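Trainee: mmCIF, C-alpha atoms, saved as input.cif, coming up:
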data_input
#
loop_
_atom_site.label_atom_id
_atom_site.label_comp_id
_atom_site.auth_asym_id
_atom_site.auth_seq_id
_atom_site.Cartn_x
_atom_site.Cartn_y
_atom_site.Cartn_z
CA MET A 92 43.39 51.57 -207.01
CA PRO A 93 40.13 52.35 -208.81
CA HIS A 94 37.92 49.42 -209.67
CA LEU A 95 37.75 48.48 -213.35
CA ILE A 96 33.97 48.95 -213.14
CA ARG A 97 31.57 50.05 -210.43
CA PRO A 98 27.81 50.41 -209.84
CA PHE A 99 26.23 53.86 -210.19
CA THR A 100 22.96 55.66 -209.56
CA GLY A 101 21.42 55.50 -213.01
CA LEU A 102 19.05 58.06 -214.47
CA ARG A 103 16.39 56.09 -216.33
CA PRO A 104 12.76 56.10 -217.44
CA ALA A 105 10.16 56.00 -214.67
CA PRO A 106 8.10 52.78 -214.51
CA GLY A 107 6.01 52.40 -217.64
CA ARG A 108 7.81 55.18 -219.56
CA ALA A 109 10.68 53.26 -221.23
CA THR A 110 8.86 52.73 -224.54
CA GLU A 111 8.25 56.49 -224.84
CA VAL A 112 11.89 57.30 -224.04
CA ALA A 113 14.12 54.67 -225.71
CA ALA A 114 15.70 55.75 -228.99
CA PRO A 115 18.31 54.53 -231.49
CA PRO A 116 21.92 55.61 -230.85
CA TYR A 117 22.66 59.23 -231.78
CA ASP A 118 25.03 58.25 -234.58
CA VAL A 119 22.83 55.88 -236.58
CA LEU A 120 20.20 58.45 -237.64
CA SER A 121 20.63 61.63 -239.65
CA THR A 122 19.06 64.80 -238.28
CA ALA A 123 16.25 64.51 -240.86
CA GLU A 124 15.55 60.89 -239.88
CA ALA A 125 15.60 61.79 -236.17
CA ARG A 126 13.15 64.65 -236.78
CA VAL A 127 10.68 62.24 -238.41
CA ARG A 128 11.22 59.55 -235.76
CA ALA A 129 10.61 61.97 -232.86
CA GLU A 130 7.50 63.61 -234.32
CA GLY A 131 4.60 63.30 -231.87
CA ARG A 132 6.95 61.74 -229.28
CA PRO A 133 7.79 64.52 -226.80
CA TRP A 134 9.64 62.14 -224.46
CA SER A 135 11.82 60.43 -227.07
CA PHE A 136 15.48 60.48 -226.05
CA LEU A 137 16.22 61.88 -229.53
CA HIS A 138 15.32 65.28 -228.06
CA ILE A 139 18.48 64.88 -225.93
CA SER A 140 20.78 62.94 -228.26
CA LYS A 141 19.81 64.87 -231.45
CA PRO A 142 18.55 68.16 -229.95
CA GLU A 143 18.93 70.06 -233.23
CA ILE A 144 15.58 68.48 -234.19
CA ASP A 145 13.93 71.05 -231.86
CA LEU A 146 15.65 74.01 -233.53
CA PRO A 147 15.24 75.55 -237.00
CA PRO A 148 16.30 73.18 -239.82
CA GLU A 149 19.23 75.36 -240.86
CA THR A 150 20.82 75.14 -237.37
CA ASP A 151 24.41 73.88 -237.30
CA PRO A 152 24.22 70.63 -235.25
CA TYR A 153 27.46 71.67 -233.49
CA ALA A 154 26.27 75.15 -232.52
CA PRO A 155 26.29 76.07 -228.78
CA GLU A 156 22.48 76.40 -228.74
CA VAL A 157 22.18 72.73 -229.75
CA TYR A 158 23.99 71.53 -226.61
CA ALA A 159 22.03 74.02 -224.50
CA LYS A 160 18.81 72.61 -225.96
CA ALA A 161 19.91 69.08 -225.01
CA ALA A 162 20.43 70.18 -221.40
CA GLU A 163 17.06 71.97 -221.36
CA ASN A 164 15.29 68.89 -222.75
CA LEU A 165 16.96 66.59 -220.22
CA GLN A 166 15.91 68.87 -217.37
CA ARG A 167 12.36 69.01 -218.72
CA MET A 168 12.13 65.20 -218.73
CA ILE A 169 13.43 65.01 -215.15
CA GLU A 170 11.03 67.71 -213.94
CA ALA A 171 8.11 65.96 -215.64
CA GLY A 172 8.99 62.73 -213.83
CA VAL A 173 9.64 60.88 -217.09
CA LEU A 174 13.24 60.21 -216.02
CA LYS A 175 14.14 59.34 -212.44
CA ARG A 176 17.43 58.63 -210.73
CA ASP A 177 17.92 55.50 -208.65
CA ASP A 178 18.39 56.05 -204.91
CA SER A 179 21.45 53.81 -204.59
CA ALA A 180 24.31 52.65 -206.80
CA CYS A 181 23.30 49.62 -208.90
CA TYR A 182 24.42 47.51 -211.77
CA TYR A 183 21.88 46.77 -214.50
CA ALA A 184 21.45 43.62 -216.58
CA TYR A 185 20.65 44.44 -220.22
CA ARG A 186 19.40 41.82 -222.67
CA LEU A 187 19.27 42.38 -226.43
CA VAL A 188 17.25 40.05 -228.64
CA MET A 189 17.40 40.23 -232.45
CA GLY A 190 15.58 37.36 -234.11
CA GLU A 191 17.15 34.14 -232.82
CA HIS A 192 20.15 35.97 -231.37
CA SER A 193 20.25 36.96 -227.69
CA GLN A 194 23.00 38.54 -225.58
CA ILE A 195 23.05 39.62 -221.92
CA GLY A 196 25.38 42.36 -220.71
CA LEU A 197 26.10 44.48 -217.67
CA VAL A 198 25.46 48.23 -217.54
CA ALA A 199 28.26 49.66 -215.42
CA ALA A 200 30.47 52.71 -214.92
CA ALA A 201 33.90 51.84 -216.37
CA SER A 202 37.15 53.36 -215.15
CA VAL A 203 38.68 56.23 -217.14
CA ALA A 204 42.04 55.47 -215.46
CA ASP A 205 41.93 51.95 -216.90
CA TYR A 206 40.99 53.36 -220.31
CA ASP A 207 43.96 55.74 -220.11
CA THR A 208 46.38 52.88 -219.32
CA ASN A 209 44.87 50.67 -222.07
CA ARG A 210 43.43 48.04 -219.75
CA ILE A 211 40.20 49.03 -221.46
CA ARG A 212 41.53 48.31 -224.93
CA LYS A 213 40.94 50.25 -228.13
CA HIS A 214 41.14 49.18 -231.77
CA GLU A 215 40.24 52.36 -233.70
CA PHE A 216 41.57 55.85 -234.29
CA THR A 217 39.23 58.68 -233.30
CA ARG A 218 38.48 61.96 -235.08
CA PRO A 219 39.01 65.14 -233.06
CA ASP A 220 35.82 66.79 -234.40
CA LYS A 221 33.68 63.84 -233.26
CA GLU A 222 35.42 63.80 -229.88
CA ASP A 223 34.81 67.54 -229.49
CA ASP A 224 31.10 67.02 -230.17
CA ARG A 225 30.79 64.35 -227.45
CA VAL A 226 32.79 66.46 -224.96
CA ARG A 227 30.43 69.41 -225.47
CA GLN A 228 27.38 67.16 -225.19
CA ILE A 229 28.53 65.53 -221.93
CA ASP A 230 29.60 68.87 -220.46
CA ALA A 231 26.26 70.49 -221.31
CA LEU A 232 24.22 67.62 -219.82
CA ASP A 233 26.61 66.90 -216.95
CA ALA A 234 25.83 63.28 -217.86
CA GLN A 235 26.90 60.52 -220.22
CA THR A 236 23.86 59.33 -222.15
CA GLY A 237 25.45 57.24 -224.92
CA PRO A 238 26.86 53.96 -223.56
CA VAL A 239 30.15 52.54 -224.80
CA LEU A 240 29.79 48.95 -226.04
CA LEU A 241 32.44 46.75 -224.39
CA ALA A 242 33.29 43.04 -224.32
CA TYR A 243 34.72 41.00 -221.48
CA PRO A 244 36.77 37.83 -222.00
CA SER A 245 35.50 34.46 -220.86
CA ALA A 246 34.07 34.67 -217.30
CA PRO A 247 31.43 31.97 -216.66
CA GLU A 248 30.74 33.30 -213.14
CA VAL A 249 29.76 36.71 -214.53
CA ASP A 250 27.66 35.10 -217.29
CA ALA A 251 25.78 33.06 -214.67
CA ILE A 252 25.04 36.09 -212.47
CA LEU A 253 23.63 37.98 -215.46
CA VAL A 254 21.47 35.04 -216.58
CA GLN A 255 20.09 34.78 -213.04
CA ALA A 256 19.34 38.53 -212.94
CA CYS A 257 17.18 38.14 -216.05
CA THR A 258 14.82 35.71 -214.29
CA ALA A 259 13.26 38.57 -212.28
CA GLN A 260 10.51 40.92 -213.43
CA PRO A 261 12.15 43.43 -215.79
CA ASP A 262 12.28 47.14 -214.99
CA ALA A 263 12.06 48.09 -218.67
CA ASP A 264 11.06 46.04 -221.70
CA VAL A 265 10.99 47.76 -225.08
CA THR A 266 10.65 46.37 -228.59
CA ALA A 267 12.04 49.00 -230.94
CA GLU A 268 10.75 49.86 -234.42
CA ASP A 269 13.39 47.60 -235.97
CA GLY A 270 12.06 44.64 -233.98
CA ILE A 271 15.00 44.46 -231.57
CA ARG A 272 13.94 43.87 -227.96
CA HIS A 273 15.72 45.74 -225.17
CA THR A 274 15.10 44.50 -221.61
CA LEU A 275 16.62 45.97 -218.44
CA TRP A 276 16.81 44.71 -214.86
CA VAL A 277 18.04 46.79 -211.91
CA MET A 278 20.51 44.79 -209.81
CA ARG A 279 20.23 46.10 -206.24
CA ASP A 280 21.75 43.18 -204.28
CA ALA A 281 24.96 44.63 -202.78
CA ALA A 282 26.59 41.22 -202.24
CA ILE A 283 26.05 40.18 -205.86
CA ASN A 284 27.25 43.56 -207.10
CA GLU A 285 30.41 43.20 -205.00
CA LYS A 286 31.01 39.79 -206.63
CA LEU A 287 30.71 41.39 -210.07
CA THR A 288 33.10 44.21 -209.17
CA LYS A 289 35.69 41.69 -207.92
CA ALA A 290 35.25 39.45 -210.97
CA PHE A 291 36.01 42.37 -213.28
CA ASP A 292 38.93 43.52 -211.13
CA ALA A 293 40.46 40.09 -211.78
CA MET A 294 40.29 40.52 -215.58
CA HIS A 295 43.47 41.50 -217.41
CA ALA A 296 41.50 43.64 -219.88
CA ILE A 297 38.13 44.47 -221.39
CA TYR A 298 37.63 45.61 -224.98
CA ILE A 299 35.87 48.49 -226.71
CA ALA A 300 33.64 47.12 -229.44
CA ASP A 301 31.86 50.36 -230.38
CA GLY A 302 32.07 53.83 -228.86
CA HIS A 303 35.68 54.96 -229.23
CA HIS A 304 34.64 58.62 -229.45
CA ARG A 305 32.44 58.37 -226.35
CA SER A 306 35.21 56.79 -224.28
CA ALA A 307 37.85 59.24 -225.56
CA SER A 308 35.59 62.18 -224.69
CA ALA A 309 35.02 60.76 -221.19
CA SER A 310 38.79 60.68 -220.73
CA ARG A 311 39.13 64.30 -221.82
CA ILE A 312 36.35 65.45 -219.51
CA CYS A 313 37.89 63.55 -216.60
CA ALA A 314 41.28 65.23 -217.21
CA THR A 315 39.71 68.70 -217.35
CA ARG A 316 37.57 68.24 -214.24
CA LYS A 317 40.38 66.60 -212.31
CA ALA A 318 42.66 69.58 -213.04
CA ALA A 319 39.96 72.01 -211.90
CA ASN A 320 39.12 70.11 -208.68
CA LEU A 321 41.55 70.84 -205.84
CA ALA A 322 39.82 68.18 -203.74
CA HIS A 323 39.98 65.48 -206.47
CA SER A 324 39.83 62.03 -204.87
CA GLY A 325 39.40 59.65 -207.80
CA GLU A 326 35.92 58.66 -206.57
CA GLU A 327 34.04 61.36 -208.48
CA SER A 328 31.59 60.24 -211.17
CA TYR A 329 33.68 61.90 -213.89
CA ASN A 330 36.35 59.23 -213.27
CA TYR A 331 34.02 56.65 -214.87
CA PHE A 332 32.05 56.36 -218.10
CA LEU A 333 28.76 54.71 -219.05
CA SER A 334 29.23 51.28 -220.58
CA VAL A 335 27.41 48.07 -221.43
CA ILE A 336 29.72 45.05 -221.24
CA PHE A 337 28.82 41.76 -222.93
CA PRO A 338 30.61 38.41 -222.90
CA HIS A 339 32.80 38.39 -226.00
CA HIS A 340 31.40 35.04 -227.17
CA GLN A 341 27.83 36.40 -227.30
CA MET A 342 28.58 39.46 -229.40
CA LYS A 343 27.49 39.48 -233.01
CA ILE A 344 29.75 41.06 -235.60
CA MET A 345 28.27 41.15 -239.07
CA ASP A 346 30.17 41.31 -242.33
CA TYR A 347 31.18 44.76 -243.60
CA ASN A 348 31.24 44.56 -247.37
CA ARG A 349 32.87 46.65 -250.11
CA VAL A 350 31.59 48.09 -253.39
CA ILE A 351 33.88 49.74 -255.95
CA LYS A 352 32.88 52.24 -258.68
CA ASP A 353 35.12 50.99 -261.52
CA LEU A 354 37.72 48.39 -262.47
CA ASN A 355 40.60 50.91 -262.53
CA GLY A 356 40.67 51.00 -266.34
CA LEU A 357 40.82 47.20 -266.71
CA ASP A 358 38.47 45.16 -268.86
CA LYS A 359 36.70 42.24 -267.20
CA ALA A 360 39.04 39.55 -268.55
CA THR A 361 42.20 41.40 -267.48
CA PHE A 362 40.70 42.16 -264.10
CA LEU A 363 39.90 38.48 -263.46
CA GLN A 364 43.36 37.50 -264.65
CA ARG A 365 45.02 39.99 -262.27
CA ILE A 366 42.98 38.71 -259.31
CA GLY A 367 44.22 35.21 -260.11
CA ASP A 368 47.75 36.21 -259.05
CA CYS A 369 46.75 36.05 -255.37
CA PHE A 370 43.37 34.30 -255.27
CA SER A 371 41.75 31.21 -256.68
CA VAL A 372 38.66 32.33 -258.62
CA GLU A 373 35.63 30.18 -259.41
CA ASN A 374 32.12 30.91 -260.71
CA VAL A 375 29.27 29.98 -258.39
CA THR A 376 25.54 29.57 -258.94
CA GLY A 377 23.46 31.97 -256.84
CA GLN A 378 24.88 34.26 -254.17
CA MET A 379 28.30 33.70 -252.64
CA LYS A 380 28.28 34.37 -248.88
CA PRO A 381 31.68 33.43 -247.44
CA ALA A 382 31.44 30.52 -245.01
CA ARG A 383 34.91 30.83 -243.47
CA PRO A 384 37.83 33.21 -243.05
CA ASN A 385 40.10 33.86 -246.07
CA GLU A 386 37.17 33.29 -248.45
CA PHE A 387 35.41 36.11 -250.32
CA GLY A 388 32.36 36.56 -252.51
CA MET A 389 32.70 38.79 -255.58
CA TYR A 390 29.81 40.08 -257.68
CA LEU A 391 30.74 41.29 -261.15
CA ASP A 392 28.64 41.73 -264.28
CA GLY A 393 25.67 39.73 -262.94
CA GLN A 394 27.83 36.79 -261.77
CA TRP A 395 28.99 35.70 -258.29
CA TYR A 396 32.49 34.30 -257.84
CA ARG A 397 34.18 32.56 -254.94
CA LEU A 398 37.65 33.93 -254.18
CA ALA A 399 40.07 32.20 -251.81
CA ILE A 400 43.38 33.83 -250.97
CA ARG A 401 46.46 31.70 -251.50
CA PRO A 402 47.45 30.30 -248.07
CA GLU A 403 51.09 31.36 -248.37
CA LEU A 404 49.99 35.02 -248.50
CA ILE A 405 48.35 34.90 -245.04
CA PRO A 406 50.72 36.22 -242.35
CA THR A 407 50.53 34.15 -239.18
CA GLN A 408 52.06 36.59 -236.69
CA ASP A 409 50.55 39.98 -237.64
CA PRO A 410 47.02 40.30 -236.15
CA VAL A 411 46.10 43.19 -238.47
CA ALA A 412 47.58 41.91 -241.74
CA ARG A 413 45.87 38.51 -241.35
CA LEU A 414 42.37 40.02 -241.08
CA ASP A 415 40.18 39.34 -244.11
CA VAL A 416 39.62 43.07 -244.62
CA SER A 417 43.42 43.52 -244.77
CA LEU A 418 43.99 40.56 -247.10
CA LEU A 419 41.39 41.86 -249.55
CA GLN A 420 42.72 45.41 -249.32
CA ASN A 421 46.42 44.51 -249.60
CA HIS A 422 46.18 41.87 -252.34
CA LEU A 423 43.28 43.11 -254.50
CA ILE A 424 41.74 46.49 -253.73
CA ALA A 425 45.06 48.38 -253.56
CA PRO A 426 47.22 46.61 -256.18
CA VAL A 427 44.53 45.76 -258.75
CA LEU A 428 41.88 48.45 -258.24
CA GLY A 429 44.28 51.23 -257.27
CA ILE A 430 42.58 52.22 -254.00
CA ALA A 431 45.43 52.73 -251.54
CA ASP A 432 43.49 54.70 -248.91
CA PRO A 433 39.99 53.25 -248.40
CA ARG A 434 39.37 55.81 -245.65
CA ARG A 435 39.41 58.72 -248.11
CA ASP A 436 39.06 57.33 -251.65
CA LYS A 437 35.65 58.19 -253.12
CA ARG A 438 35.70 55.15 -255.45
CA ILE A 439 34.97 52.76 -252.60
CA ASP A 440 31.91 52.47 -250.38
CA PHE A 441 30.98 50.14 -247.52
CA VAL A 442 27.77 48.20 -246.96
CA GLY A 443 26.84 46.79 -243.55
CA GLY A 444 26.02 43.10 -243.59
CA ILE A 445 22.58 43.69 -242.12
CA ARG A 446 21.55 44.90 -245.59
CA GLY A 447 22.32 41.49 -247.11
CA LEU A 448 23.97 40.45 -250.36
CA ALA A 449 20.96 41.69 -252.36
CA GLU A 450 22.11 45.24 -251.57
CA LEU A 451 25.50 44.48 -253.19
CA GLU A 452 23.77 43.11 -256.29
CA LYS A 453 21.55 46.19 -256.44
CA ARG A 454 24.48 48.61 -256.27
CA VAL A 455 26.30 46.80 -259.08
CA ASP A 456 23.26 45.99 -261.28
CA SER A 457 22.21 49.65 -261.21
CA GLY A 458 25.52 50.65 -262.78
CA GLU A 459 26.43 52.80 -259.77
CA MET A 460 29.20 50.35 -258.85
CA ALA A 461 31.27 47.97 -260.98
CA VAL A 462 32.14 45.23 -258.49
CA ALA A 463 31.18 44.16 -254.97
CA PHE A 464 32.99 42.04 -252.40
CA ALA A 465 31.30 40.06 -249.63
CA LEU A 466 33.47 39.26 -246.60
CA PHE A 467 33.35 36.78 -243.78
CA ALA A 468 32.58 38.70 -240.58
CA THR A 469 35.53 39.68 -238.39
CA ARG A 470 35.54 37.55 -235.24
CA MET A 471 35.68 38.99 -231.71
CA GLU A 472 38.88 36.99 -231.10
CA ASP A 473 40.49 38.80 -234.04
CA LEU A 474 39.43 42.20 -232.68
CA MET A 475 40.80 41.32 -229.24
CA ALA A 476 44.11 40.14 -230.74
CA VAL A 477 44.51 43.48 -232.55
CA ALA A 478 43.69 45.42 -229.36
CA ASP A 479 46.07 43.26 -227.29
CA ALA A 480 48.85 44.07 -229.77
CA ASN A 481 48.07 47.79 -229.35
CA GLU A 482 47.28 47.97 -233.05
CA VAL A 483 44.38 49.53 -234.98
CA MET A 484 41.79 47.78 -237.15
CA PRO A 485 41.49 48.89 -240.79
CA PRO A 486 38.52 51.19 -241.48
CA LYS A 487 35.09 49.53 -241.68
CA SER A 488 36.19 46.19 -240.23
CA THR A 489 33.30 45.53 -237.86
CA TRP A 490 29.53 46.05 -237.91
CA PHE A 491 27.99 45.21 -234.54
CA GLU A 492 24.34 44.24 -234.32
CA PRO A 493 22.10 44.62 -232.47
CA LYS A 494 22.74 48.23 -231.43
CA LEU A 495 22.19 49.50 -227.89
CA ALA A 496 19.32 51.90 -227.24
CA ASP A 497 19.89 55.41 -225.88
CA GLY A 498 17.88 56.55 -222.88
CA LEU A 499 17.44 53.32 -220.90
CA VAL A 500 20.16 54.32 -218.40
CA SER A 501 22.31 57.46 -218.20
CA HIS A 502 25.31 58.17 -215.97
CA VAL A 503 25.09 61.53 -214.20
CA LEU A 504 28.41 63.24 -213.40
CA ASN A 505 27.50 64.85 -210.08
#
Here is the file; what I need is its structure written in the form of structure tokens.
Mentor:
Amino acid sequence: MPHLIRPFTGLRPAPGRATEVAAPPYDVLSTAEARVRAEGRPWSFLHISKPEIDLPPETDPYAPEVYAKAAENLQRMIEAGVLKRDDSACYYAYRLVMGEHSQIGLVAAASVADYDTNRIRKHEFTRPDKEDDRVRQIDALDAQTGPVLLAYPSAPEVDAILVQACTAQPDADVTAEDGIRHTLWVMRDAAINEKLTKAFDAMHAIYIADGHHRSASASRICATRKAANLAHSGEESYNYFLSVIFPHHQMKIMDYNRVIKDLNGLDKATFLQRIGDCFSVENVTGQMKPARPNEFGMYLDGQWYRLAIRPELIPTQDPVARLDVSLLQNHLIAPVLGIADPRRDKRIDFVGGIRGLAELEKRVDSGEMAVAFALFATRMEDLMAVADANEVMPPKSTWFEPKLADGLVSHVLN
């Protein structure tokens, strides 16, 4: 049986080079933003994760030459000694600090076999075009450079080992432009690493928080390489994918709020009356940030309201239908505002909680949007319940902060 996770020989910045290399995840910057961010920084990992920035502006980011450029840039950084590979298989402790919030996770290679059997649990659909992009990227580099963000259920022994690892001198310590601090420790003690491997083997499941396309692409690559390898043993690097696994109770999910372009032909009075069928509605002074589940803030015509869904409308057994995003969608956004498919309807937009409630006010006050809804953040326990039920979260249910950096550790597939 393969282990759920295992140590690996990471490819990472040479001592003193991490600040030059570390970059935001490939999917949080546009090509134009990445081009600006990488200017004058020849060793930024953006040259690998967004390699189109080194090609003419009109280049299709999915063209074959883009992936070839990524491979060329990776090789250049290895040859220059900016990136070096560890001599032996290690785990890595990774601490993220954002303001007062701190979380400590484990960088590990996670089992594709356990992903395929849903022991590494999913909660989102993937898009084939985005999967194809990651498959081509990994194949071109022969490495996984974008870690999948995972969560493990309560395991105090693992937490304690990671806290202890962080008492040593760090191997990389980077404060990014957004103020988030990324610190990495190489864990070389074989006995401790064996303890970690066994502790994870004892877990019934771990959970994908962010990175469904990266994990799906790892599975596809494993299947292709396995079929092509007559001597396949299950021990090859392609049987595992790069991950950072945090204790579920340390992870920070922020609210993911909604703004809507119009009131679906209703005047304000009729709209408020219709909402009252399923929610209590009260005016509040100042901003309305929900303090608990089943409570919502609504900003309309310069005024904040507190909405609370009627308790009898909350299903107790269905882990998807009882989510706040589902309650708002099923009892207000669809029936009152006429938006049945929030994934495709152009009348709705989504605002990550890191932007604050002022961003919702701005979008409505400008006239661009008619109404905004502030939600209580989805809890990790809710996400895990959905994944355990083999269900899928509604679109835009979770916004994880802080984000992992790219470039601190990569998983080479040979």
Trainee: So that I can check the surroundings of stretch 291-304 of chain A, please list as a PyMOL selection string every protein, DNA and RNA residue that reaches within 8 Å of it, counting all atoms listed in the file and ignoring chain neighbours fewer than 2 positions away.
Mentor: chain A and resi 94-96+210-218+221-222+225+238-244+287-289+306-308+475+478+491
Trainee: Using atom CA of A:Ile351 and atom CA of A:Asp436 as the two end points, give the distance in Å to one decimal.
Mentor: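 A separation of 10.1 Å between them.
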Trainee: Which residues, written as a PDB file with C-alpha atoms, in the frame of the given file, have at least one atom at most 8 Å from A:Phe441, with all atoms listed in the file counted and residues fewer than 6 positions away on the same chain left out?
Mentor:
ATOM      1  CA  TYR A 347      31.180  44.760-243.600  1.00  0.00           C
ATOM      2  CA  ASN A 348      31.240  44.560-247.370  1.00  0.00           C
ATOM      3  CA  ARG A 349      32.870  46.650-250.110  1.00  0.00           C
ATOM      4  CA  VAL A 350      31.590  48.090-253.390  1.00  0.00           C
ATOM      5  CA  LYS A 487      35.090  49.530-241.680  1.00  0.00           C
TER       6      LYS A 487
END
Trainee: Show me the residues close to (15.1, 43.7, -229.3) - anything with an atom within 10 Å, counting all atoms listed in the file - and format the list as a list in words.
Mentor: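 Output: Arg186, Leu187, Val188, Met189, Gly190, His192, Ser193, Asp264, Val265, Thr266, Ala267, Glu268, Asp269, Gly270, Ile271, Arg272, His273, Thr274, Pro493, Lys494, Leu495 and Ala496 of chain A.
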Trainee: Counting only C-alpha atoms, figure out which residue out of A:Trp276, A:Tyr153, A:Phe337, A:Phe332 gets nearest to A:Arg103.
Mentor: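 Among the listed residues, the smallest separation from A:Arg103 belongs to A:Trp276.
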Trainee: Give me the residues within 9 Å of A:Val455 as a list in words, counting only C-alpha atoms and dropping any in the same chain fewer than 2 places off.
Mentor: Val350, Ile351, Lys352, Tyr390, Leu391, Asp392, Gly393, Glu450, Leu451, Glu452, Lys453, Ser457, Gly458, Glu459, Met460, Ala461, Val462 and Ala463 of chain A
Trainee: Taking all atoms listed in the file into account, which of A:Glu403, A:Pro338, A:Asp233, A:Pro261 comes nearest A:Pro247?
Mentor: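 That would be A:Pro338, the residue with the smallest distance to A:Pro247.
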Trainee: Residues near A:Tyr183, anyone? I mean within 7 Å using all atoms listed in the file, not counting same-chain ones fewer than 6 positions away, as a list in words.
Mentor: Leu197, Val198, Leu275, Trp276, Val277 and Met278 of chain A
Trainee: Save out the residues we just selected, C-alpha atoms, as a PDB file, keeping the file's coordinate frame.
Mentor:
ATOM      1  CA  LEU A 197      26.100  44.480-217.670  1.00  0.00           C
ATOM      2  CA  VAL A 198      25.460  48.230-217.540  1.00  0.00           C
ATOM      3  CA  LEU A 275      16.620  45.970-218.440  1.00  0.00           C
ATOM      4  CA  TRP A 276      16.810  44.710-214.860  1.00  0.00           C
ATOM      5  CA  VAL A 277      18.040  46.790-211.910  1.00  0.00           C
ATOM      6  CA  MET A 278      20.510  44.790-209.810  1.00  0.00           C
TER       7      MET A 278
END
Trainee: Within 7 Å of stretch 411-419 of chain A, counting only C-alpha atoms, which residues qualify if same-chain residues fewer than 2 places away don't, as a list in words?
Mentor: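 Counting only C-alpha atoms, the residues come to Pro384, Asn385, Ile405, Pro406, Thr407, Asp409, Asn421, His422, Leu423, Ile424, Val477, Met484, Pro485 and Ser488 of chain A.
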